[in-house]
>>> print(open('target_15.cif').read())   # mmCIF, C-alpha atoms
data_target
loop_
_atom_site.group_PDB
_atom_site.id
_atom_site.type_symbol
_atom_site.label_atom_id
_atom_site.label_comp_id
_atom_site.auth_asym_id
_atom_site.auth_seq_id
_atom_site.Cartn_x
_atom_site.Cartn_y
_atom_site.Cartn_z
ATOM 1 C CA MET A 1 62.558 -44.134 -82.120
ATOM 2 C CA ASP A 2 65.482 -43.301 -79.801
ATOM 3 C CA SER A 3 64.408 -42.933 -76.259
ATOM 4 C CA ARG A 4 66.364 -39.655 -76.012
ATOM 5 C CA GLU A 5 64.304 -38.243 -78.841
ATOM 6 C CA ALA A 6 61.084 -39.431 -77.230
ATOM 7 C CA HIS A 7 62.184 -37.630 -73.992
ATOM 8 C CA PRO A 8 64.362 -34.703 -75.123
ATOM 9 C CA HIS A 9 64.843 -33.418 -71.496
ATOM 10 C CA GLY A 10 65.747 -36.794 -70.023
ATOM 11 C CA PRO A 11 69.548 -36.451 -70.059
ATOM 12 C CA ARG A 12 69.366 -32.960 -68.568
ATOM 13 C CA ARG A 13 67.024 -34.088 -65.821
ATOM 14 C CA ALA A 14 69.267 -37.027 -65.055
ATOM 15 C CA ARG A 15 72.233 -34.694 -64.678
ATOM 16 C CA GLN A 16 70.186 -32.431 -62.427
ATOM 17 C CA ARG A 17 69.251 -35.382 -60.242
ATOM 18 C CA GLN A 18 72.889 -36.395 -59.987
ATOM 19 C CA ARG A 19 73.868 -32.885 -58.958
ATOM 20 C CA ARG A 20 71.135 -32.828 -56.312
ATOM 21 C CA VAL A 21 72.317 -36.177 -54.968
ATOM 22 C CA ARG A 22 75.917 -34.926 -54.800
ATOM 23 C CA ARG A 23 74.826 -31.723 -53.020
ATOM 24 C CA ALA A 24 72.822 -33.767 -50.517
ATOM 25 C CA ARG A 25 75.814 -35.990 -49.881
ATOM 26 C CA PHE A 26 78.105 -32.989 -49.443
ATOM 27 C CA ALA A 27 75.600 -31.427 -47.050
ATOM 28 C CA ALA A 28 75.361 -34.609 -45.014
ATOM 29 C CA VAL A 29 79.141 -34.906 -44.809
ATOM 30 C CA GLY A 30 79.385 -31.222 -43.816
ATOM 31 C CA SER A 31 76.826 -31.697 -41.079
ATOM 32 C CA LEU A 32 78.684 -34.724 -39.774
ATOM 33 C CA ILE A 33 81.953 -32.770 -39.684
ATOM 34 C CA ALA A 34 80.252 -29.937 -37.810
ATOM 35 C CA VAL A 35 78.845 -32.343 -35.236
ATOM 36 C CA VAL A 36 82.255 -33.927 -34.724
ATOM 37 C CA ALA A 37 83.853 -30.496 -34.366
ATOM 38 C CA ILE A 38 81.313 -29.398 -31.777
ATOM 39 C CA ALA A 39 81.754 -32.595 -29.785
ATOM 40 C CA ALA A 40 85.520 -32.214 -29.905
ATOM 41 C CA GLY A 41 85.185 -28.640 -28.677
ATOM 42 C CA ILE A 42 83.113 -29.763 -25.722
ATOM 43 C CA VAL A 43 85.642 -32.428 -24.787
ATOM 44 C CA PHE A 44 88.507 -29.948 -25.170
ATOM 45 C CA THR A 45 86.777 -27.387 -22.988
ATOM 46 C CA SER A 46 86.068 -29.907 -20.240
ATOM 47 C CA THR A 47 89.608 -31.260 -20.207
ATOM 48 C CA SER A 48 91.835 -28.287 -20.979
ATOM 49 C CA GLY A 49 89.878 -25.216 -20.052
ATOM 50 C CA PRO A 50 91.024 -22.521 -17.632
ATOM 51 C CA GLY A 51 90.653 -24.828 -14.653
ATOM 52 C CA PRO A 52 88.246 -27.026 -12.745
ATOM 53 C CA ALA A 53 84.939 -25.614 -11.614
ATOM 54 C CA PRO A 54 84.784 -24.564 -7.944
ATOM 55 C CA LYS A 55 84.132 -27.521 -5.709
ATOM 56 C CA PRO A 56 80.931 -27.436 -3.696
ATOM 57 C CA SER A 57 81.189 -27.336 0.064
ATOM 58 C CA HIS A 58 80.770 -30.659 1.854
ATOM 59 C CA GLU A 59 81.320 -29.355 5.383
ATOM 60 C CA HIS A 60 79.050 -30.235 8.261
ATOM 61 C CA SER A 61 78.290 -27.934 11.185
ATOM 62 C CA ASN A 62 81.125 -29.568 13.130
ATOM 63 C CA GLY A 63 83.580 -28.547 10.407
ATOM 64 C CA SER A 64 84.246 -32.067 9.155
ATOM 65 C CA VAL A 65 84.224 -32.894 5.440
ATOM 66 C CA ASP A 66 82.057 -35.494 3.708
ATOM 67 C CA GLN A 67 83.478 -38.650 2.213
ATOM 68 C CA GLY A 68 82.912 -39.341 -1.458
ATOM 69 C CA ALA A 69 81.036 -42.369 -2.796
ATOM 70 C CA SER A 70 84.298 -44.329 -2.936
ATOM 71 C CA GLY A 71 85.073 -43.549 0.692
ATOM 72 C CA SER A 72 87.816 -41.067 -0.183
ATOM 73 C CA ILE A 73 87.892 -37.659 1.464
ATOM 74 C CA SER A 74 87.122 -34.582 -0.602
ATOM 75 C CA TYR A 75 90.095 -32.233 -1.003
ATOM 76 C CA GLY A 76 93.021 -32.602 1.446
ATOM 77 C CA ALA A 77 92.841 -35.997 3.134
ATOM 78 C CA ALA A 78 95.916 -36.255 5.341
ATOM 79 C CA THR A 79 95.731 -36.520 9.113
ATOM 80 C CA VAL A 80 98.150 -34.123 10.823
ATOM 81 C CA PRO A 81 99.739 -34.102 14.290
ATOM 82 C CA ILE A 82 99.383 -30.964 16.412
ATOM 83 C CA LEU A 83 101.980 -30.431 19.144
ATOM 84 C CA THR A 84 101.483 -28.166 22.135
ATOM 85 C CA TYR A 85 104.074 -26.481 24.349
ATOM 86 C CA ARG A 86 103.905 -24.063 27.256
ATOM 87 C CA VAL A 87 107.084 -22.623 28.780
ATOM 88 C CA ILE A 88 110.203 -22.839 26.603
ATOM 89 C CA ASN A 89 112.684 -22.435 29.430
ATOM 90 C CA VAL A 90 114.167 -24.201 32.431
ATOM 91 C CA PRO A 91 111.946 -24.303 35.527
ATOM 92 C CA PRO A 92 112.605 -21.488 37.987
ATOM 93 C CA ALA A 93 114.080 -22.563 41.290
ATOM 94 C CA GLN A 94 110.934 -21.982 43.368
ATOM 95 C CA SER A 95 108.248 -22.834 40.784
ATOM 96 C CA ASN A 96 105.207 -24.780 41.980
ATOM 97 C CA ALA A 97 104.179 -25.692 38.424
ATOM 98 C CA PRO A 98 104.677 -29.264 37.194
ATOM 99 C CA PRO A 99 108.229 -29.473 35.814
ATOM 100 C CA GLY A 100 106.930 -31.174 32.669
ATOM 101 C CA LEU A 101 105.450 -27.847 31.541
ATOM 102 C CA TYR A 102 108.969 -26.482 31.072
ATOM 103 C CA VAL A 103 110.879 -27.439 27.929
ATOM 104 C CA PRO A 104 114.370 -25.858 27.939
ATOM 105 C CA ALA A 105 115.304 -23.868 24.858
ATOM 106 C CA ASP A 106 118.099 -26.224 23.766
ATOM 107 C CA GLU A 107 115.774 -29.197 24.184
ATOM 108 C CA PHE A 108 113.104 -27.473 22.091
ATOM 109 C CA SER A 109 115.673 -26.635 19.415
ATOM 110 C CA ALA A 110 116.832 -30.249 19.224
ATOM 111 C CA GLN A 111 113.242 -31.433 18.888
ATOM 112 C CA MET A 112 112.533 -29.023 16.029
ATOM 113 C CA GLU A 113 115.732 -30.031 14.229
ATOM 114 C CA ALA A 114 114.703 -33.674 14.593
ATOM 115 C CA LEU A 115 111.300 -32.915 13.115
ATOM 116 C CA LYS A 116 112.855 -31.223 10.106
ATOM 117 C CA ALA A 117 115.338 -34.069 9.613
ATOM 118 C CA ALA A 118 112.407 -36.520 9.678
ATOM 119 C CA GLY A 119 110.684 -34.651 6.834
ATOM 120 C CA TRP A 120 108.199 -32.488 8.735
ATOM 121 C CA ASN A 121 107.253 -28.863 8.056
ATOM 122 C CA ALA A 122 105.345 -26.587 10.451
ATOM 123 C CA VAL A 123 102.067 -25.026 9.242
ATOM 124 C CA THR A 124 99.281 -23.073 10.929
ATOM 125 C CA LEU A 125 95.749 -24.222 11.673
ATOM 126 C CA ASP A 126 94.442 -21.784 9.059
ATOM 127 C CA GLN A 127 96.704 -23.381 6.453
ATOM 128 C CA LEU A 128 95.559 -26.824 7.549
ATOM 129 C CA GLN A 129 91.922 -25.769 7.225
ATOM 130 C CA ALA A 130 92.556 -24.440 3.700
ATOM 131 C CA TYR A 131 94.173 -27.747 2.773
ATOM 132 C CA TRP A 132 91.329 -29.818 4.203
ATOM 133 C CA ASN A 133 88.524 -27.687 2.774
ATOM 134 C CA ARG A 134 89.898 -26.543 -0.575
ATOM 135 C CA GLY A 135 92.928 -28.692 -1.283
ATOM 136 C CA VAL A 136 95.380 -25.782 -0.936
ATOM 137 C CA PRO A 137 98.828 -27.450 -1.036
ATOM 138 C CA LEU A 138 100.939 -27.587 2.125
ATOM 139 C CA GLY A 139 104.190 -28.324 0.316
ATOM 140 C CA SER A 140 106.064 -31.533 -0.348
ATOM 141 C CA ARG A 141 107.043 -32.203 3.281
ATOM 142 C CA LYS A 142 104.828 -33.713 5.990
ATOM 143 C CA PRO A 143 102.705 -31.031 7.702
ATOM 144 C CA ILE A 144 102.702 -30.576 11.463
ATOM 145 C CA VAL A 145 101.188 -27.818 13.624
ATOM 146 C CA ILE A 146 103.140 -26.440 16.599
ATOM 147 C CA THR A 147 101.008 -24.607 19.141
ATOM 148 C CA PHE A 148 101.895 -22.684 22.302
ATOM 149 C CA ASP A 149 99.485 -22.193 25.195
ATOM 150 C CA GLY A 150 99.522 -19.754 28.119
ATOM 151 C CA GLY A 151 101.082 -16.678 26.519
ATOM 152 C CA TYR A 152 104.554 -17.058 28.057
ATOM 153 C CA ALA A 153 107.295 -14.617 27.054
ATOM 154 C CA SER A 154 109.701 -17.524 26.504
ATOM 155 C CA GLN A 155 107.616 -18.499 23.501
ATOM 156 C CA TYR A 156 108.781 -15.255 21.898
ATOM 157 C CA THR A 157 112.321 -15.114 23.260
ATOM 158 C CA ASN A 158 113.231 -18.817 22.906
ATOM 159 C CA ALA A 159 110.796 -20.566 20.538
ATOM 160 C CA LEU A 160 110.473 -17.867 17.865
ATOM 161 C CA PRO A 161 114.197 -17.761 16.956
ATOM 162 C CA VAL A 162 114.297 -21.547 16.544
ATOM 163 C CA LEU A 163 111.268 -21.694 14.284
ATOM 164 C CA LYS A 164 112.403 -18.621 12.360
ATOM 165 C CA ARG A 165 115.767 -20.253 11.668
ATOM 166 C CA LEU A 166 113.956 -23.241 10.179
ATOM 167 C CA GLY A 167 111.581 -21.053 8.178
ATOM 168 C CA TRP A 168 108.675 -22.316 10.276
ATOM 169 C CA VAL A 169 105.712 -20.688 11.989
ATOM 170 C CA GLY A 170 103.787 -21.434 15.159
ATOM 171 C CA VAL A 171 100.343 -20.912 16.638
ATOM 172 C CA GLU A 172 99.975 -18.758 19.769
ATOM 173 C CA ASN A 173 96.917 -19.491 21.924
ATOM 174 C CA LEU A 174 96.643 -16.316 23.974
ATOM 175 C CA GLN A 175 94.620 -15.649 27.100
ATOM 176 C CA VAL A 176 93.370 -12.066 27.088
ATOM 177 C CA ASN A 177 93.948 -11.710 30.836
ATOM 178 C CA GLY A 178 96.931 -14.015 31.008
ATOM 179 C CA LEU A 179 100.206 -13.610 32.844
ATOM 180 C CA PRO A 180 101.419 -10.010 33.077
ATOM 181 C CA PRO A 181 104.867 -9.356 31.590
ATOM 182 C CA SER A 182 106.254 -8.853 35.107
ATOM 183 C CA GLU A 183 105.443 -12.517 35.810
ATOM 184 C CA GLY A 184 106.741 -13.923 32.537
ATOM 185 C CA GLY A 185 103.831 -13.196 30.221
ATOM 186 C CA LEU A 186 104.047 -11.915 26.657
ATOM 187 C CA THR A 187 104.131 -8.160 26.165
ATOM 188 C CA ASP A 188 101.957 -6.490 23.552
ATOM 189 C CA SER A 189 104.986 -5.813 21.365
ATOM 190 C CA GLN A 190 106.042 -9.473 21.601
ATOM 191 C CA VAL A 191 102.600 -10.628 20.483
ATOM 192 C CA ARG A 192 102.846 -8.252 17.547
ATOM 193 C CA GLY A 193 106.309 -9.625 16.833
ATOM 194 C CA LEU A 194 104.946 -13.165 16.622
ATOM 195 C CA ILE A 195 102.229 -12.028 14.213
ATOM 196 C CA ALA A 196 104.788 -10.156 12.091
ATOM 197 C CA ALA A 197 106.858 -13.360 11.903
ATOM 198 C CA GLY A 198 103.888 -15.196 10.369
ATOM 199 C CA TRP A 199 102.578 -16.863 13.490
ATOM 200 C CA GLU A 200 98.853 -17.416 13.820
ATOM 201 C CA LEU A 201 97.134 -15.854 16.836
ATOM 202 C CA ASP A 202 94.279 -17.779 18.428
ATOM 203 C CA THR A 203 92.902 -17.776 21.959
ATOM 204 C CA GLU A 204 92.234 -19.710 25.163
ATOM 205 C CA GLY A 205 89.588 -17.221 26.281
ATOM 206 C CA ILE A 206 89.635 -14.346 28.725
ATOM 207 C CA SER A 207 91.144 -16.238 31.645
ATOM 208 C CA GLN A 208 92.190 -19.701 32.752
ATOM 209 C CA SER A 209 88.659 -20.496 33.976
ATOM 210 C CA ASP A 210 87.359 -24.030 33.710
ATOM 211 C CA LEU A 211 84.723 -23.333 31.062
ATOM 212 C CA THR A 212 82.722 -26.436 31.968
ATOM 213 C CA THR A 213 81.843 -24.874 35.359
ATOM 214 C CA LEU A 214 80.459 -21.571 34.014
ATOM 215 C CA ASP A 215 76.829 -20.641 33.417
ATOM 216 C CA SER A 216 75.740 -19.743 29.891
ATOM 217 C CA SER A 217 76.282 -15.979 30.199
ATOM 218 C CA GLN A 218 79.744 -16.354 31.744
ATOM 219 C CA LEU A 219 80.669 -18.940 29.142
ATOM 220 C CA SER A 220 79.552 -16.707 26.295
ATOM 221 C CA TYR A 221 81.528 -13.801 27.739
ATOM 222 C CA GLU A 222 84.734 -15.832 28.137
ATOM 223 C CA VAL A 223 84.602 -17.104 24.574
ATOM 224 C CA THR A 224 83.024 -14.304 22.555
ATOM 225 C CA THR A 225 84.747 -11.379 24.265
ATOM 226 C CA ALA A 226 88.148 -13.021 23.965
ATOM 227 C CA ARG A 227 87.830 -13.363 20.216
ATOM 228 C CA GLN A 228 86.499 -9.865 19.664
ATOM 229 C CA THR A 229 89.096 -8.273 21.934
ATOM 230 C CA LEU A 230 92.025 -9.865 20.120
ATOM 231 C CA ARG A 231 90.523 -9.175 16.701
ATOM 232 C CA ASP A 232 90.138 -5.495 17.562
ATOM 233 C CA ARG A 233 93.538 -5.218 19.215
ATOM 234 C CA TYR A 234 95.642 -6.935 16.551
ATOM 235 C CA GLY A 235 93.510 -6.818 13.414
ATOM 236 C CA ILE A 236 93.675 -10.575 12.779
ATOM 237 C CA PRO A 237 90.892 -13.194 12.375
ATOM 238 C CA VAL A 238 91.378 -15.318 15.588
ATOM 239 C CA LYS A 239 89.586 -18.325 14.102
ATOM 240 C CA TRP A 240 90.542 -21.151 16.497
ATOM 241 C CA PHE A 241 89.971 -21.792 20.178
ATOM 242 C CA SER A 242 92.055 -23.816 22.626
ATOM 243 C CA TYR A 243 90.149 -25.181 25.619
ATOM 244 C CA PRO A 244 91.821 -23.984 28.858
ATOM 245 C CA SER A 245 93.468 -26.994 30.531
ATOM 246 C CA GLY A 246 91.800 -29.012 27.773
ATOM 247 C CA ARG A 247 88.423 -29.076 29.538
ATOM 248 C CA TYR A 248 85.287 -28.984 27.388
ATOM 249 C CA ASP A 249 81.777 -30.415 27.085
ATOM 250 C CA ALA A 250 78.806 -30.008 24.738
ATOM 251 C CA ALA A 251 77.881 -26.583 26.132
ATOM 252 C CA VAL A 252 81.440 -25.284 25.759
ATOM 253 C CA ILE A 253 81.656 -26.557 22.188
ATOM 254 C CA ALA A 254 78.325 -24.900 21.356
ATOM 255 C CA ALA A 255 79.517 -21.567 22.789
ATOM 256 C CA VAL A 256 82.768 -21.718 20.825
ATOM 257 C CA ARG A 257 80.889 -22.454 17.612
ATOM 258 C CA THR A 258 78.380 -19.657 18.275
ATOM 259 C CA ALA A 259 81.243 -17.187 18.827
ATOM 260 C CA GLY A 260 82.322 -17.731 15.215
ATOM 261 C CA PHE A 261 85.352 -19.957 15.675
ATOM 262 C CA VAL A 262 85.972 -22.561 12.952
ATOM 263 C CA GLY A 263 87.337 -25.164 15.345
ATOM 264 C CA ALA A 264 89.067 -25.888 18.642
ATOM 265 C CA THR A 265 91.935 -27.949 20.005
ATOM 266 C CA THR A 266 91.947 -30.334 22.955
ATOM 267 C CA VAL A 267 94.710 -32.067 24.913
ATOM 268 C CA ILE A 268 93.491 -35.540 23.944
ATOM 269 C CA ALA A 269 96.432 -37.354 22.384
ATOM 270 C CA GLY A 270 96.139 -38.089 18.679
ATOM 271 C CA TRP A 271 96.304 -36.662 15.169
ATOM 272 C CA ALA A 272 93.848 -34.183 13.680
ATOM 273 C CA SER A 273 91.755 -35.565 10.838
ATOM 274 C CA PRO A 274 89.506 -33.949 8.190
ATOM 275 C CA ARG A 275 86.965 -36.664 9.020
ATOM 276 C CA GLY A 276 86.726 -35.575 12.649
ATOM 277 C CA ASP A 277 84.933 -32.846 14.545
ATOM 278 C CA ARG A 278 86.900 -29.632 14.046
ATOM 279 C CA PHE A 279 85.829 -28.537 17.546
ATOM 280 C CA ARG A 280 87.539 -31.556 19.139
ATOM 281 C CA LEU A 281 90.934 -31.724 17.450
ATOM 282 C CA PRO A 282 93.462 -33.932 19.282
ATOM 283 C CA ARG A 283 96.893 -32.577 20.251
ATOM 284 C CA LEU A 284 100.096 -34.052 21.600
ATOM 285 C CA GLN A 285 101.548 -32.407 24.704
ATOM 286 C CA VAL A 286 105.342 -32.242 24.714
ATOM 287 C CA VAL A 287 106.717 -32.188 28.240
ATOM 288 C CA GLY A 288 110.149 -31.383 29.583
ATOM 289 C CA GLY A 289 112.743 -34.139 29.420
ATOM 290 C CA THR A 290 111.444 -35.557 26.123
ATOM 291 C CA SER A 291 114.323 -36.492 23.849
ATOM 292 C CA PRO A 292 114.003 -35.855 20.100
ATOM 293 C CA SER A 293 113.774 -39.586 19.375
ATOM 294 C CA ASN A 294 111.130 -40.091 22.052
ATOM 295 C CA MET A 295 109.130 -37.174 20.653
ATOM 296 C CA LEU A 296 109.196 -38.713 17.174
ATOM 297 C CA SER A 297 108.065 -42.017 18.659
ATOM 298 C CA GLN A 298 105.276 -40.251 20.556
ATOM 299 C CA ILE A 299 104.045 -38.674 17.315
ATOM 300 C CA ALA A 300 104.175 -41.958 15.401
ATOM 301 C CA SER A 301 102.407 -43.994 18.091
ATOM 302 C CA ALA A 302 99.498 -41.522 18.270
ATOM 303 C CA GLU A 303 98.721 -41.581 14.545
ATOM 304 C CA GLY A 304 95.920 -44.127 14.858
ATOM 305 C CA ASN A 305 93.874 -41.957 17.235
ATOM 306 C CA THR A 306 92.026 -39.262 15.268
ATOM 307 C CA SER A 307 89.064 -38.534 17.531
ATOM 308 C CA ALA A 308 88.380 -37.032 20.916
ATOM 309 C CA PRO A 309 85.495 -37.882 23.293
ATOM 310 C CA ALA A 310 82.329 -35.795 23.380
ATOM 311 C CA ALA A 311 83.518 -34.207 26.633
ATOM 312 C CA TYR A 312 86.835 -34.001 28.411
ATOM 313 C CA PRO A 313 87.194 -37.088 30.634
ATOM 314 C CA GLY A 314 85.999 -36.342 34.137
ATOM 315 C CA THR A 315 83.830 -33.334 33.233
#
>>> encode(input="target_15.cif", output="structure tokens")
Amino acid sequence: MDSREAHPHGPRRARQRQRRVRRARFAAVGSLIAVVAIAAGIVFTSTSGPGPAPKPSHEHSNGSVDQGASGSISYGAATVPILTYRVINVPPAQSNAPPGLYVPADEFSAQMEALKAAGWNAVTLDQLQAYWNRGVPLGSRKPIVITFDGGYASQYTNALPVLKRLGWVGVENLQVNGLPPSEGGLTDSQVRGLIAAGWELDTEGISQSDLTTLDSSQLSYEVTTARQTLRDRYGIPVKWFSYPSGRYDAAVIAAVRTAGFVGATTVIAGWASPRGDRFRLPRLQVVGGTSPSNMLSQIASAEGNTSAPAAYPGT
């Protein structure tokens, strides 16, 4: 007897089994394709999505930024020189001030032209902070910060036109009770003119007091009141402090931090670094009689120093 006759449903069952096997194979292949598609979508999203996820903050209380596991700095890593000037004019005939504090306007102009020719571009401390903390670009040229202490009118009349011609900005460190206009100090309208030109306004405090000699209440007043007064008067943040005559110690730094400043500048020669204490940023003082080439050499020779002592020497 033929086996097909003995099992009349055999061929049909065999075909059914074959169909089930094919369906199972198709299902398995479909599942595999789906898995591959999902994995590809994840990779695509992580590599070509709308942009990188926000970077977590790695700042310490001193404003410095952590290093990564490889030793590289998070976000902007470049060290940056900060220059400081006072009077942009020739010394008056009967001045008792050190002549080095006076940089004539033509000398200042030549120095700025030399900086530009050497590939530098002036930025503010706020821009530098954004670069260090969040990687905000500072442009293709080398960044440098140009600060002005003392609130002298010549900073408006002589320095502003030079920087404006170059498309640059400066940082004005203003004393609230500084020189009156009758003695060569900035007028209110001149301060507003600097701000309108894109300059950053910061402060040296209420007066020229040596902050290291003040008690805690006087120190708090000098620092906190100065910031609040300028914020209210000009409607700007006033985020940085410049130690009067460069003198500071641990108590002064603590008061500046408590007042809400994000950092402070010294007169210790060197370059500012994202690795360093933001409340002890080095600066390079440019004195009268400095040729453009000597200024460039001064900047280059100070690059290796990126820290300042815990207190101003001698305090």
>>> closest_residue(input="target_15.cif", among="A:Val252, A:Leu83, A:Val191, A:Val171", to="Gln298 of chain A", atoms="all atoms listed in the file")
A:Leu83
>>> closest_residue(input="target_15.cif", among="A:Gly170, A:Leu101, A:Asp277, A:Lys239", to="Ile82 of chain A", atoms="all atoms listed in the file")
A:Gly170
>>> resolve_selection(input="target_15.cif", expression="the PyMOL selection byres ((chain A and resi 114) around 12)", output="ChimeraX atom specification")
/A:107-113,115-121,166,291-297
>>> residues_around(input="target_15.cif", residues="Thr224 of chain A", least_positions_apart="2", cutoff="10 Å", atoms="only C-alpha atoms", output="list in words")
Gly205, Ile206, Gln218, Leu219, Ser220, Tyr221, Glu222, Ala226, Arg227, Gln228, Thr229, Ala255, Val256, Arg257, Thr258, Ala259, Gly260 and Phe261 of chain A
>>> closest_residue(input="target_15.cif", among="A:Val176, A:Ala122, A:Ala308, A:Val136", to="Ala77 of chain A", atoms="all atoms listed in the file")
A:Val136
>>> atom_distance(input="target_15.cif", atom1="atom CA of Gln155 of chain A", atom2="atom CA of Arg86 of chain A")
7.7 Å
>>> atom_distance(input="target_15.cif", atom1="atom CA of Pro143 of chain A", atom2="atom CA of Asp126 of chain A")
12.5 Å
>>> atom_distance(input="target_15.cif", atom1="atom CA of Gln285 of chain A", atom2="atom CA of Gly270 of chain A")
9.9 Å
>>> residues_around(input="target_15.cif", residues="Phe241 of chain A", least_positions_apart="4", cutoff="7 Å", atoms="only C-alpha atoms", output="list of chain:residue names")
A:Asp202, A:Thr203, A:Glu204, A:Phe261, A:Gly263, A:Ala264, A:Thr265
>>> closest_residue(input="target_15.cif", among="A:Gly139, A:Gly178, A:Pro81, A:Gly289", to="Pro99 of chain A", atoms="all atoms listed in the file")
A:Gly289
>>> closest_residue(input="target_15.cif", among="A:Trp199, A:Phe148, A:Tyr102, A:Trp271", to="Glu303 of chain A", atoms="all atoms listed in the file")
A:Trp271
>>> closest_residue(input="target_15.cif", among="A:Asp232, A:Asp106, A:Asp249, A:Asp149", to="Gly185 of chain A", atoms="all atoms listed in the file")
A:Asp149
>>> residues_near_point(input="target_15.cif", point="(101.7, -17.5, 16.9)", cutoff="12 Å", atoms="all atoms listed in the file", output="PDB file with C-alpha atoms, keeping the file's coordinate frame")
ATOM      1  CA  THR A  84     101.483 -28.166  22.135  1.00  0.00           C
ATOM      2  CA  TYR A  85     104.074 -26.481  24.349  1.00  0.00           C
ATOM      3  CA  ALA A 122     105.345 -26.587  10.451  1.00  0.00           C
ATOM      4  CA  VAL A 123     102.067 -25.026   9.242  1.00  0.00           C
ATOM      5  CA  THR A 124      99.281 -23.073  10.929  1.00  0.00           C
ATOM      6  CA  LEU A 125      95.749 -24.222  11.673  1.00  0.00           C
ATOM      7  CA  ASP A 126      94.442 -21.784   9.059  1.00  0.00           C
ATOM      8  CA  VAL A 145     101.188 -27.818  13.624  1.00  0.00           C
ATOM      9  CA  ILE A 146     103.140 -26.440  16.599  1.00  0.00           C
ATOM     10  CA  THR A 147     101.008 -24.607  19.141  1.00  0.00           C
ATOM     11  CA  PHE A 148     101.895 -22.684  22.302  1.00  0.00           C
ATOM     12  CA  ASP A 149      99.485 -22.193  25.195  1.00  0.00           C
ATOM     13  CA  GLY A 150      99.522 -19.754  28.119  1.00  0.00           C
ATOM     14  CA  GLY A 151     101.082 -16.678  26.519  1.00  0.00           C
ATOM     15  CA  TYR A 152     104.554 -17.058  28.057  1.00  0.00           C
ATOM     16  CA  ALA A 153     107.295 -14.617  27.054  1.00  0.00           C
ATOM     17  CA  GLN A 155     107.616 -18.499  23.501  1.00  0.00           C
ATOM     18  CA  TYR A 156     108.781 -15.255  21.898  1.00  0.00           C
ATOM     19  CA  ALA A 159     110.796 -20.566  20.538  1.00  0.00           C
ATOM     20  CA  LEU A 160     110.473 -17.867  17.865  1.00  0.00           C
ATOM     21  CA  LEU A 163     111.268 -21.694  14.284  1.00  0.00           C
ATOM     22  CA  LYS A 164     112.403 -18.621  12.360  1.00  0.00           C
ATOM     23  CA  TRP A 168     108.675 -22.316  10.276  1.00  0.00           C
ATOM     24  CA  VAL A 169     105.712 -20.688  11.989  1.00  0.00           C
ATOM     25  CA  GLY A 170     103.787 -21.434  15.159  1.00  0.00           C
ATOM     26  CA  VAL A 171     100.343 -20.912  16.638  1.00  0.00           C
ATOM     27  CA  GLU A 172      99.975 -18.758  19.769  1.00  0.00           C
ATOM     28  CA  ASN A 173      96.917 -19.491  21.924  1.00  0.00           C
ATOM     29  CA  LEU A 174      96.643 -16.316  23.974  1.00  0.00           C
ATOM     30  CA  LEU A 186     104.047 -11.915  26.657  1.00  0.00           C
ATOM     31  CA  GLN A 190     106.042  -9.473  21.601  1.00  0.00           C
ATOM     32  CA  VAL A 191     102.600 -10.628  20.483  1.00  0.00           C
ATOM     33  CA  ARG A 192     102.846  -8.252  17.547  1.00  0.00           C
ATOM     34  CA  GLY A 193     106.309  -9.625  16.833  1.00  0.00           C
ATOM     35  CA  LEU A 194     104.946 -13.165  16.622  1.00  0.00           C
ATOM     36  CA  ILE A 195     102.229 -12.028  14.213  1.00  0.00           C
ATOM     37  CA  ALA A 196     104.788 -10.156  12.091  1.00  0.00           C
ATOM     38  CA  ALA A 197     106.858 -13.360  11.903  1.00  0.00           C
ATOM     39  CA  GLY A 198     103.888 -15.196  10.369  1.00  0.00           C
ATOM     40  CA  TRP A 199     102.578 -16.863  13.490  1.00  0.00           C
ATOM     41  CA  GLU A 200      98.853 -17.416  13.820  1.00  0.00           C
ATOM     42  CA  LEU A 201      97.134 -15.854  16.836  1.00  0.00           C
ATOM     43  CA  ASP A 202      94.279 -17.779  18.428  1.00  0.00           C
ATOM     44  CA  THR A 203      92.902 -17.776  21.959  1.00  0.00           C
ATOM     45  CA  ILE A 236      93.675 -10.575  12.779  1.00  0.00           C
ATOM     46  CA  VAL A 238      91.378 -15.318  15.588  1.00  0.00           C
ATOM     47  CA  TRP A 240      90.542 -21.151  16.497  1.00  0.00           C
TER      48      TRP A 240
END
